[in-house]
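Source file query-v4.csv; content: CSV, C-alpha atoms.
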```
chain,number,residue,atom,x,y,z
W,1272,MET,CA,-22.0,1.2,12.9
W,1273,ILE,CA,-20.0,-0.4,15.8
W,1274,GLN,CA,-21.4,1.3,18.9
W,1275,LYS,CA,-19.9,-0.9,21.6
W,1276,TYR,CA,-16.3,0.5,21.3
W,1277,ASN,CA,-15.0,4.0,21.6
W,1278,HIS,CA,-13.2,5.6,18.6
W,1279,ASP,CA,-11.5,8.2,20.7
W,1280,GLY,CA,-9.8,8.3,24.1
W,1281,ASP,CA,-7.9,5.5,25.9
W,1282,ALA,CA,-10.7,3.5,27.4
W,1283,GLY,CA,-13.1,1.1,25.7
W,1284,ARG,CA,-11.3,1.0,22.4
W,1285,LEU,CA,-11.2,-1.9,19.8
W,1286,GLU,CA,-7.6,-2.8,20.6
W,1287,ALA,CA,-7.2,-6.5,19.9
W,1288,PHE,CA,-7.6,-8.7,16.8
W,1289,GLY,CA,-9.9,-11.2,18.6
W,1290,GLN,CA,-12.2,-8.4,19.6
W,1291,GLY,CA,-12.5,-7.3,16.0
W,1292,GLU,CA,-13.2,-10.8,14.7
W,1293,SER,CA,-15.9,-11.3,17.3
W,1294,VAL,CA,-17.7,-8.1,16.3
W,1295,LEU,CA,-18.8,-9.5,13.0
W,1296,LYS,CA,-19.8,-12.8,14.6
W,1297,GLU,CA,-22.6,-10.9,16.4
W,1298,PRO,CA,-25.9,-11.1,14.4
W,1299,ARG,CA,-26.8,-7.4,14.7
W,1300,TYR,CA,-23.5,-6.2,13.2
W,1301,LEU,CA,-23.3,-9.0,10.6
W,1302,GLU,CA,-26.9,-8.3,9.4
W,1303,GLU,CA,-26.3,-4.6,9.1
W,1304,LEU,CA,-23.1,-5.2,7.1
W,1305,GLU,CA,-24.8,-7.6,4.8
W,1306,ASP,CA,-27.8,-5.3,4.2
W,1307,ARG,CA,-25.5,-2.4,3.3
W,1308,LEU,CA,-23.3,-4.6,1.1
W,1309,HIS,CA,-26.3,-6.0,-0.8
W,1310,PHE,CA,-27.6,-2.5,-1.4
W,1311,TYR,CA,-24.4,-1.3,-3.1
W,1312,VAL,CA,-23.8,-4.6,-4.9
W,1313,GLU,CA,-27.3,-4.3,-6.5
W,1314,GLU,CA,-26.4,-0.8,-7.7
W,1315,CYS,CA,-23.4,-2.0,-9.6
W,1316,ASP,CA,-23.4,-2.4,-13.4
W,1317,TYR,CA,-20.2,-4.4,-13.3
W,1318,LEU,CA,-18.8,-5.7,-10.0
W,1319,GLN,CA,-15.1,-6.3,-10.2
W,1320,GLY,CA,-14.6,-6.9,-6.6
W,1321,PHE,CA,-14.0,-5.2,-3.3
W,1322,GLN,CA,-11.5,-2.9,-1.7
W,1323,ILE,CA,-11.1,-3.1,2.1
W,1324,LEU,CA,-9.3,-0.3,4.0
W,1325,CYS,CA,-8.7,-1.2,7.6
W,1326,ASP,CA,-6.2,-0.5,10.4
W,1327,LEU,CA,-3.7,-3.3,10.8
W,1328,HIS,CA,-2.4,-2.2,14.2
W,1329,ASP,CA,-5.6,-2.4,16.3
W,1330,GLY,CA,-8.8,-4.5,16.6
W,1331,PHE,CA,-9.9,-3.4,13.1
W,1332,SER,CA,-7.5,-5.8,11.7
W,1333,GLY,CA,-9.8,-8.5,13.0
W,1334,VAL,CA,-12.8,-6.7,11.6
W,1335,GLY,CA,-11.1,-6.5,8.2
W,1336,ALA,CA,-10.1,-10.2,8.3
W,1337,LYS,CA,-13.6,-11.3,9.1
W,1338,ALA,CA,-15.1,-9.1,6.5
W,1339,SER,CA,-12.7,-10.4,3.8
W,1340,GLU,CA,-13.7,-14.0,4.8
W,1341,LEU,CA,-17.4,-13.2,4.5
W,1342,LEU,CA,-16.8,-11.5,1.1
W,1343,GLN,CA,-14.8,-14.5,-0.2
W,1344,ASP,CA,-17.5,-16.9,0.9
W,1345,GLU,CA,-20.4,-14.9,-0.7
W,1346,TYR,CA,-18.7,-13.5,-3.8
W,1347,SER,CA,-16.3,-16.2,-4.8
W,1348,GLY,CA,-14.3,-15.3,-7.9
W,1349,ARG,CA,-14.4,-11.5,-7.3
W,1350,GLY,CA,-11.3,-9.6,-6.4
W,1351,ILE,CA,-10.6,-8.5,-2.8
W,1352,ILE,CA,-7.8,-6.1,-2.4
W,1353,THR,CA,-7.1,-5.1,1.2
W,1354,TRP,CA,-5.1,-2.0,2.3
W,1355,GLY,CA,-3.8,-2.3,5.8
W,1356,LEU,CA,-3.1,1.1,7.3
W,1357,LEU,CA,-0.5,1.6,10.0
W,1358,PRO,CA,0.4,4.6,12.2
W,1359,GLY,CA,3.5,6.7,11.6
W,1360,PRO,CA,6.6,6.1,13.8
W,1361,TYR,CA,5.8,9.1,15.9
W,1362,SER,CA,3.2,7.0,17.8
W,1363,LEU,CA,5.5,4.1,18.6
W,1364,GLY,CA,7.4,3.3,21.7
W,1365,GLN,CA,5.2,5.4,24.1
W,1366,ASP,CA,3.3,2.5,25.7
W,1367,PRO,CA,4.7,-1.0,25.9
W,1368,GLN,CA,1.3,-2.7,25.8
W,1369,LYS,CA,0.2,-0.7,22.8
W,1370,ASN,CA,3.4,-1.5,21.0
W,1371,ILE,CA,3.0,-5.3,21.7
W,1372,TYR,CA,-0.6,-5.2,20.7
W,1373,ARG,CA,0.4,-3.4,17.4
W,1374,LEU,CA,2.9,-6.1,16.6
W,1375,LEU,CA,0.4,-8.9,17.4
W,1376,ASN,CA,-2.5,-7.3,15.5
W,1377,THR,CA,-0.3,-6.6,12.5
W,1378,ALA,CA,0.9,-10.2,12.3
W,1379,PHE,CA,-2.6,-11.7,12.8
W,1380,GLY,CA,-4.0,-9.2,10.3
W,1381,LEU,CA,-1.5,-10.0,7.6
W,1382,VAL,CA,-1.9,-13.7,7.9
W,1383,HIS,CA,-5.7,-13.8,8.0
W,1384,LEU,CA,-6.2,-11.1,5.4
W,1385,SER,CA,-3.9,-12.8,3.0
W,1386,ALA,CA,-5.8,-16.0,3.4
W,1387,HIS,CA,-9.1,-14.4,2.2
W,1388,SER,CA,-7.9,-11.6,0.0
W,1389,SER,CA,-6.6,-11.5,-3.6
W,1390,LEU,CA,-3.9,-9.0,-2.4
W,1391,VAL,CA,-2.9,-7.4,0.9
W,1392,CYS,CA,-0.8,-4.2,1.0
W,1393,PRO,CA,0.4,-2.5,4.2
W,1394,LEU,CA,0.5,1.3,3.9
W,1395,SER,CA,2.6,3.4,6.3
W,1396,LEU,CA,5.1,6.2,6.3
W,1397,GLY,CA,7.1,4.3,9.0
W,1398,GLY,CA,10.3,2.4,8.2
W,1399,SER,CA,9.5,-0.8,10.0
W,1400,LEU,CA,6.6,-3.1,11.1
W,1401,GLY,CA,8.6,-4.2,14.2
W,1402,LEU,CA,8.9,-3.0,17.7
W,1403,ARG,CA,11.8,-0.8,17.1
W,1404,PRO,CA,10.7,2.5,15.5
W,1405,GLU,CA,12.4,3.6,12.3
W,1406,PRO,CA,12.5,7.2,11.0
W,1407,PRO,CA,9.6,8.2,8.7
W,1408,VAL,CA,10.2,8.0,5.0
W,1409,ASN,CA,11.6,11.0,3.2
W,1410,PHE,CA,10.4,12.7,-0.1
W,1411,SER,CA,12.8,15.2,-1.7
W,1412,HIS,CA,10.1,17.8,-2.4
W,1413,LEU,CA,7.7,17.2,0.5
W,1414,ARG,CA,7.8,19.0,3.9
W,1415,TYR,CA,5.4,16.9,5.9
W,1416,ASP,CA,5.1,16.5,9.6
W,1417,ALA,CA,4.9,12.8,10.6
W,1418,THR,CA,3.2,13.6,13.8
W,1419,LEU,CA,0.1,14.9,11.9
W,1420,PRO,CA,-2.3,12.2,10.7
W,1421,PHE,CA,-3.7,14.8,8.3
W,1422,HIS,CA,-0.3,15.0,6.5
W,1423,CYS,CA,0.3,11.2,6.6
W,1424,SER,CA,-3.1,10.3,5.3
W,1425,ALA,CA,-2.9,12.8,2.4
W,1426,ILE,CA,0.4,11.2,1.2
W,1427,LEU,CA,-0.9,7.7,1.5
W,1428,ALA,CA,-4.2,8.7,-0.2
W,1429,THR,CA,-2.2,10.2,-3.1
W,1430,ALA,CA,-0.3,6.9,-3.5
W,1431,LEU,CA,-3.5,4.8,-3.2
W,1432,ASP,CA,-5.3,6.9,-5.8
W,1433,THR,CA,-2.5,6.4,-8.2
W,1434,VAL,CA,-1.7,2.7,-7.8
W,1435,THR,CA,-5.4,1.7,-8.1
W,1436,VAL,CA,-5.8,3.5,-11.5
W,1437,PRO,CA,-5.3,0.3,-13.6
W,1438,TYR,CA,-8.6,-1.3,-12.5
W,1439,ARG,CA,-10.6,1.9,-11.9
W,1440,LEU,CA,-10.6,3.4,-15.4
W,1441,HIS,CA,-13.2,2.5,-17.9
W,1442,SER,CA,-10.6,2.7,-20.6
W,1443,SER,CA,-8.2,0.3,-18.9
W,1444,PRO,CA,-8.2,-3.4,-20.0
W,1445,VAL,CA,-7.0,-4.5,-16.6
W,1446,SER,CA,-9.5,-5.8,-14.0
W,1447,MET,CA,-8.9,-6.1,-10.3
W,1448,VAL,CA,-8.7,-9.9,-10.6
W,1449,HIS,CA,-6.2,-9.6,-13.5
W,1450,LEU,CA,-3.9,-7.3,-11.5
W,1451,ALA,CA,-4.1,-9.4,-8.4
W,1452,ASN,CA,-3.3,-12.6,-10.4
W,1453,MET,CA,-0.2,-10.9,-12.0
W,1454,LEU,CA,1.2,-10.0,-8.6
W,1455,ASN,CA,0.1,-12.9,-6.3
W,1456,PHE,CA,1.6,-15.9,-8.1
W,1457,SER,CA,3.1,-18.7,-6.0
W,1458,GLY,CA,1.3,-17.6,-2.8
W,1459,LYS,CA,2.7,-14.0,-2.8
W,1460,LYS,CA,-0.5,-12.5,-1.5
W,1461,VAL,CA,1.2,-9.6,0.3
W,1462,VAL,CA,2.6,-6.7,-1.9
W,1463,THR,CA,4.4,-3.5,-1.2
W,1464,ALA,CA,3.4,0.0,-2.3
W,1465,GLY,CA,5.8,2.8,-3.4
W,1466,ALA,CA,5.5,6.3,-4.8
W,1467,THR,CA,7.5,9.3,-6.0
W,1468,ILE,CA,5.6,12.4,-4.8
W,1469,PRO,CA,5.9,14.4,-6.9
W,1470,PHE,CA,7.6,12.8,-9.9
W,1471,PRO,CA,10.7,15.1,-10.4
W,1472,LEU,CA,10.2,16.5,-13.9
W,1473,GLY,CA,11.7,19.9,-14.8
W,1474,PRO,CA,10.0,22.4,-17.1
W,1475,SER,CA,12.4,21.8,-19.9
W,1476,GLN,CA,12.8,18.0,-19.5
W,1477,SER,CA,11.2,15.1,-21.2
W,1478,LEU,CA,10.2,11.8,-19.5
W,1479,PRO,CA,13.3,10.0,-21.0
W,1480,ASP,CA,15.5,12.7,-19.6
W,1481,THR,CA,14.1,12.3,-16.1
W,1482,LEU,CA,14.2,8.5,-16.1
W,1483,MET,CA,17.8,8.5,-17.3
W,1484,GLN,CA,18.7,10.9,-14.4
W,1485,LEU,CA,17.2,8.4,-11.9
W,1486,GLY,CA,19.8,5.9,-13.1
W,1487,GLY,CA,19.7,2.4,-11.6
W,1488,ALA,CA,18.2,3.4,-8.3
W,1489,THR,CA,14.7,2.3,-7.3
W,1490,PRO,CA,12.7,5.3,-8.5
W,1491,TRP,CA,10.1,5.2,-5.7
W,1492,THR,CA,10.0,5.5,-1.9
W,1493,SER,CA,8.5,2.5,-0.1
W,1494,LEU,CA,5.2,3.1,1.7
W,1495,SER,CA,4.8,-0.4,3.3
W,1496,ALA,CA,7.1,-0.1,6.2
W,1497,CYS,CA,9.5,-2.7,4.7
W,1498,GLY,CA,12.7,-0.6,4.7
W,1499,ASP,CA,14.7,0.6,1.7
W,1500,PRO,CA,13.8,-1.3,-1.5
W,1501,SER,CA,17.3,-0.8,-3.0
W,1502,GLY,CA,19.1,-4.1,-3.6
W,1503,THR,CA,16.0,-6.3,-3.2
W,1504,CYS,CA,14.5,-8.6,-5.8
W,1505,CYS,CA,11.2,-7.8,-7.5
W,1506,PHE,CA,9.1,-10.6,-8.8
W,1507,ALA,CA,6.3,-8.7,-10.5
W,1508,GLN,CA,5.2,-5.0,-10.5
W,1509,SER,CA,2.4,-2.7,-11.6
W,1510,VAL,CA,3.5,0.8,-12.2
W,1511,VAL,CA,1.5,4.0,-12.9
W,1512,LEU,CA,2.8,7.4,-14.0
W,1513,ARG,CA,0.2,10.2,-14.0
W,1514,GLY,CA,0.1,13.9,-14.6
W,1515,LEU,CA,2.7,14.5,-17.4
W,1516,ASP,CA,1.8,16.7,-20.3
W,1517,LYS,CA,1.8,14.6,-23.5
W,1518,ALA,CA,4.5,16.9,-25.1
W,1519,CYS,CA,6.9,15.7,-22.3
W,1520,HIS,CA,6.3,11.9,-22.9
W,1521,THR,CA,9.0,11.5,-25.6
W,1522,SER,CA,12.4,13.0,-26.4
W,1523,GLN,CA,12.4,16.7,-27.4
W,1524,LEU,CA,15.9,16.5,-29.0
W,1525,ILE,CA,16.5,18.2,-32.4
W,1526,PRO,CA,16.4,15.6,-35.2
W,1527,GLY,CA,20.0,14.4,-35.9
W,1528,THR,CA,21.1,14.8,-32.3
W,1529,PRO,CA,22.8,11.7,-31.0
W,1530,LEU,CA,20.4,9.9,-28.6
W,1531,PRO,CA,21.6,9.7,-25.0
W,1532,SER,CA,19.7,6.5,-24.3
W,1533,LEU,CA,17.3,3.9,-25.8
W,1534,LEU,CA,14.5,5.7,-24.0
W,1535,HIS,CA,15.0,8.7,-26.2
W,1536,ALA,CA,14.3,6.5,-29.3
W,1537,CYS,CA,10.8,5.5,-28.1
W,1538,THR,CA,7.9,7.1,-29.9
W,1539,THR,CA,5.2,7.1,-27.1
W,1540,GLY,CA,5.2,7.7,-23.4
W,1541,GLU,CA,3.9,4.2,-22.8
W,1542,GLU,CA,6.8,2.8,-24.7
W,1543,VAL,CA,9.3,4.9,-22.7
W,1544,LEU,CA,7.9,3.7,-19.3
W,1545,ALA,CA,7.8,0.1,-20.4
W,1546,GLN,CA,11.3,0.3,-21.8
W,1547,TYR,CA,12.6,1.8,-18.6
W,1548,LEU,CA,11.1,-0.9,-16.4
W,1549,GLN,CA,12.5,-3.5,-18.7
W,1550,GLN,CA,16.0,-2.0,-18.4
W,1551,GLN,CA,15.7,-1.8,-14.6
W,1552,GLN,CA,14.3,-5.3,-14.0
W,1553,PRO,CA,14.8,-7.5,-17.2
W,1554,SER,CA,13.4,-10.7,-15.7
W,1555,VAL,CA,10.4,-9.1,-14.0
W,1556,ARG,CA,6.9,-9.2,-15.2
W,1557,SER,CA,5.8,-5.5,-15.3
W,1558,SER,CA,2.5,-3.8,-16.1
W,1559,SER,CA,2.8,-0.1,-16.8
W,1560,HIS,CA,0.1,2.6,-17.3
W,1561,LEU,CA,0.5,6.3,-18.3
W,1562,LEU,CA,-2.3,8.7,-17.3
W,1563,LEU,CA,-2.5,12.3,-18.4
W,1564,THR,CA,-4.6,13.4,-15.4
W,1565,PRO,CA,-2.5,14.8,-12.5
W,1566,CYS,CA,-3.2,14.5,-8.8
W,1567,LYS,CA,-5.1,17.6,-7.6
W,1568,VAL,CA,-3.6,19.0,-4.4
W,1569,VAL,CA,-5.7,22.2,-3.8
W,1570,PRO,CA,-7.3,22.7,-0.3
W,1571,PRO,CA,-8.3,20.8,1.7
W,1572,TYR,CA,-5.1,19.0,0.7
W,1573,PRO,CA,-2.4,20.1,3.1
W,1574,SER,CA,0.4,22.4,2.0
W,1575,LEU,CA,3.3,20.0,2.0
W,1576,PHE,CA,5.4,21.1,-1.0
W,1577,SER,CA,8.8,22.7,-1.2
W,1578,SER,CA,9.1,26.1,-2.7
W,1579,SER,CA,11.0,24.7,-5.6
W,1580,LEU,CA,7.8,23.4,-7.3
W,1581,SER,CA,5.6,25.2,-9.9
W,1582,GLN,CA,1.8,25.3,-9.7
W,1583,GLN,CA,1.8,22.1,-11.8
W,1584,GLY,CA,4.3,20.4,-9.5
W,1585,LEU,CA,7.3,20.7,-11.9
W,1586,VAL,CA,10.8,21.1,-10.3
W,1587,LEU,CA,12.0,24.7,-11.0
W,1588,ASP,CA,15.5,25.8,-11.8
W,1589,ASP,CA,14.7,29.5,-11.3
W,1590,PRO,CA,13.7,31.2,-8.1
W,1591,PRO,CA,10.2,30.1,-6.9
W,1592,THR,CA,7.2,32.2,-8.0
W,1593,GLY,CA,5.4,31.9,-4.7
W,1594,ALA,CA,2.3,30.4,-6.3
W,1595,ALA,CA,0.7,27.5,-4.4
W,1596,VAL,CA,1.0,24.0,-6.0
W,1597,GLU,CA,-2.3,23.0,-7.5
W,1598,SER,CA,-1.5,19.6,-9.1
W,1599,ILE,CA,1.4,17.2,-9.2
W,1600,PRO,CA,2.7,14.3,-11.3
W,1601,VAL,CA,3.0,11.1,-9.4
W,1602,LEU,CA,4.7,7.8,-10.0
W,1603,GLY,CA,3.2,4.8,-8.0
W,1604,ALA,CA,3.9,1.1,-7.9
W,1605,LEU,CA,2.7,-2.1,-6.4
W,1606,CYS,CA,5.5,-4.7,-6.1
W,1607,SER,CA,5.9,-8.3,-5.1
W,1608,SER,CA,9.3,-7.8,-3.5
W,1609,SER,CA,11.9,-9.9,-1.6
W,1610,SER,CA,11.9,-7.1,1.0
W,1611,LEU,CA,8.9,-9.0,2.4
W,1612,ASN,CA,11.1,-12.0,3.1
W,1613,ARG,CA,13.1,-9.9,5.6
W,1614,THR,CA,10.1,-8.0,7.0
W,1615,LEU,CA,7.9,-11.0,7.6
W,1616,GLY,CA,10.9,-13.0,9.0
W,1617,ASP,CA,11.6,-10.2,11.4
W,1618,LEU,CA,8.0,-10.3,12.6
W,1619,VAL,CA,8.5,-14.0,13.4
W,1620,LYS,CA,11.7,-13.3,15.3
W,1621,GLU,CA,10.0,-10.6,17.4
W,1622,LEU,CA,6.9,-12.6,18.1
W,1623,THR,CA,8.9,-15.7,19.1
W,1624,LYS,CA,10.5,-13.7,21.9
W,1625,LEU,CA,7.2,-12.7,23.4
W,1626,ASP,CA,5.9,-14.3,26.5
W,1627,LEU,CA,2.1,-14.1,26.0
W,1628,ARG,CA,1.4,-14.8,29.6
W,1629,ARG,CA,2.5,-11.2,30.3
W,1630,TRP,CA,-0.2,-10.0,27.8
W,1631,ALA,CA,-3.2,-12.1,29.0
W,1632,SER,CA,-5.6,-9.3,28.1
W,1633,PHE,CA,-4.8,-10.0,24.4
W,1634,MET,CA,-5.6,-13.7,24.9
W,1635,ASP,CA,-8.8,-12.8,26.7
W,1636,ALA,CA,-10.0,-11.1,23.5
W,1637,GLY,CA,-10.4,-14.5,21.8
W,1638,VAL,CA,-6.9,-15.6,20.8
W,1639,GLU,CA,-5.4,-18.8,22.2
W,1640,GLN,CA,-1.8,-20.0,22.5
W,1641,ASP,CA,-2.4,-22.5,19.7
W,1642,ASP,CA,-3.5,-19.6,17.4
W,1643,LEU,CA,-0.1,-17.9,18.0
W,1644,GLU,CA,1.8,-21.1,17.1
W,1645,GLU,CA,-0.2,-21.5,14.0
W,1646,LEU,CA,0.4,-17.8,13.2
W,1647,LEU,CA,4.1,-18.1,13.5
W,1648,GLN,CA,4.1,-21.1,11.0
W,1649,GLU,CA,1.9,-19.2,8.6
W,1650,LEU,CA,4.2,-16.2,8.7
W,1651,ARG,CA,7.2,-18.4,8.1
W,1652,ASN,CA,5.5,-20.0,5.1
W,1653,LEU,CA,4.5,-16.5,3.7
W,1654,ALA,CA,8.1,-15.2,4.2
W,1655,GLN,CA,9.5,-18.2,2.2
W,1656,CYS,CA,7.4,-17.2,-0.8
W,1657,TYR,CA,9.6,-14.0,-1.2
W,1658,GLN,CA,13.0,-15.6,-1.2
W,1659,CYS,CA,15.2,-14.3,-4.1
W,1660,GLY,CA,15.4,-16.7,-7.0
W,1661,ASP,CA,11.7,-17.4,-6.9
W,1662,SER,CA,10.6,-15.6,-10.0
W,1663,LEU,CA,8.5,-16.1,-13.1
W,1664,MET,CA,11.7,-16.9,-15.0
W,1665,ASP,CA,12.7,-19.9,-12.8
```

Taking this structure as input, can you express it in the form of structure tokens?
Amino acid sequence: MIQKYNHDGDAGRLEAFGQGESVLKEPRYLEELEDRLHFYVEECDYLQGFQILCDLHDGFSGVGAKASELLQDEYSGRGIITWGLLPGPYSLGQDPQKNIYRLLNTAFGLVHLSAHSSLVCPLSLGGSLGLRPEPPVNFSHLRYDATLPFHCSAILATALDTVTVPYRLHSSPVSMVHLANMLNFSGKKVVTAGATIPFPLGPSQSLPDTLMQLGGATPWTSLSACGDPSGTCCFAQSVVLRGLDKACHTSQLIPGTPLPSLLHACTTGEEVLAQYLQQQQPSVRSSSHLLLTPCKVVPPYPSLFSSSLSQQGLVLDDPPTGAAVESIPVLGALCSSSSLNRTLGDLVKELTKLDLRRWASFMDAGVEQDDLEELLQELRNLAQCYQCGDSLMD
């Protein structure tokens, strides 16, 4: 649709937030977007809202921000959930200008998208949003290459497909707006995503067994470049567990056997998951969903899995069979977390140190010095929303 910028190569790319915003100010692009949008909206039987997937690190953050503003103006009351995609750490630190532009685009994108969206969630396998690269996140049973976008996109797509289940199923009572309202109270428009891929269930284990083994540790890996979630406060969360056989949902102990935990006394899988989340975060508002359908990982899904997994993604005790993994259970979560206080605060610190006169080309794309000052204040305000102690129970 956008012909004036190149998608590949180093020249003529959409590289700055201001460039992206200006694209949708041009009548030809705006009219085409509205025509396509109206076509699909008229086909809907029930319009919950809109999902926007856009890069945060380049000019598409400006395109996404402008698109969310237009959607908010035209479809007031509908949900708008924006997923801001970021490159893996393998691509950082190579070019100073690209690194500075990435920082600026990410900051402008988060602030402007959160102003017009119901929720904004960064998605990345990196460990940080800042200038200093952090190692990619680790999954115990995945053998992925962080330098391959094919691998990274498959993992993020698995998480995205899982955490969006609550408002995508006909059988679910949760709408997009309801989910957003649960997570975004008190101005907390930015959330983090996390996932356990695959969920580590053994062939002879039940869900209570596995959850008890996880102990008090955060059971998922962060996928929002906000660092390790351990030790942070959670204000609200939506959790989805998919792909477990129904026979595994509750305790398989012989009647009369002493129960190892309260989880083993639950009579349904939904009750087990809800009880576990209550034990982990007693004062946190949690929404939990259990889905029987696993995540299919047959080709073209890349082969990322360790040899210790069965065809159904269960963790094997015996030597591997050699059969390719075809499906996996996945645990996914969206969290309003205090980790964002540190992450957004660190963005402010790094941006404050920048001398924008050295990066005049970014300013030439439509951003002024006053815009940066306003951005810093908005980031500070957003970061303050995630201070520990600010919970539903206060």

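Here CA of Cys1497 (chain W) stands at a distance of 8.1 Å from CA of Arg1613 (chain W).
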
Counting all atoms listed in the file, note down every residue that has an atom within 10 Å of the point (-4.7, -9.6, -4.5) (file coordinates), as a count of residues only. 26

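Take the candidates W:Gly1473, W:Pro1407, W:Gly1616, W:Pro1358 and check each one against Pro1420 (chain W) using only C-alpha atoms; the shortest distance goes to W:Pro1358.
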
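Among W:Asp1344, W:Glu1639, W:Asp1499, W:Asp1516, the residue with the shortest atom-to-atom distance to Leu1611 (chain W), counting all atoms listed in the file, is W:Asp1499.
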
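Restricting the calculation to only C-alpha atoms, the smallest distance between Asp1588 (chain W) and any of W:Pro1474, W:Gly1355, W:Gly1289, W:Pro1600 is found for W:Pro1474.
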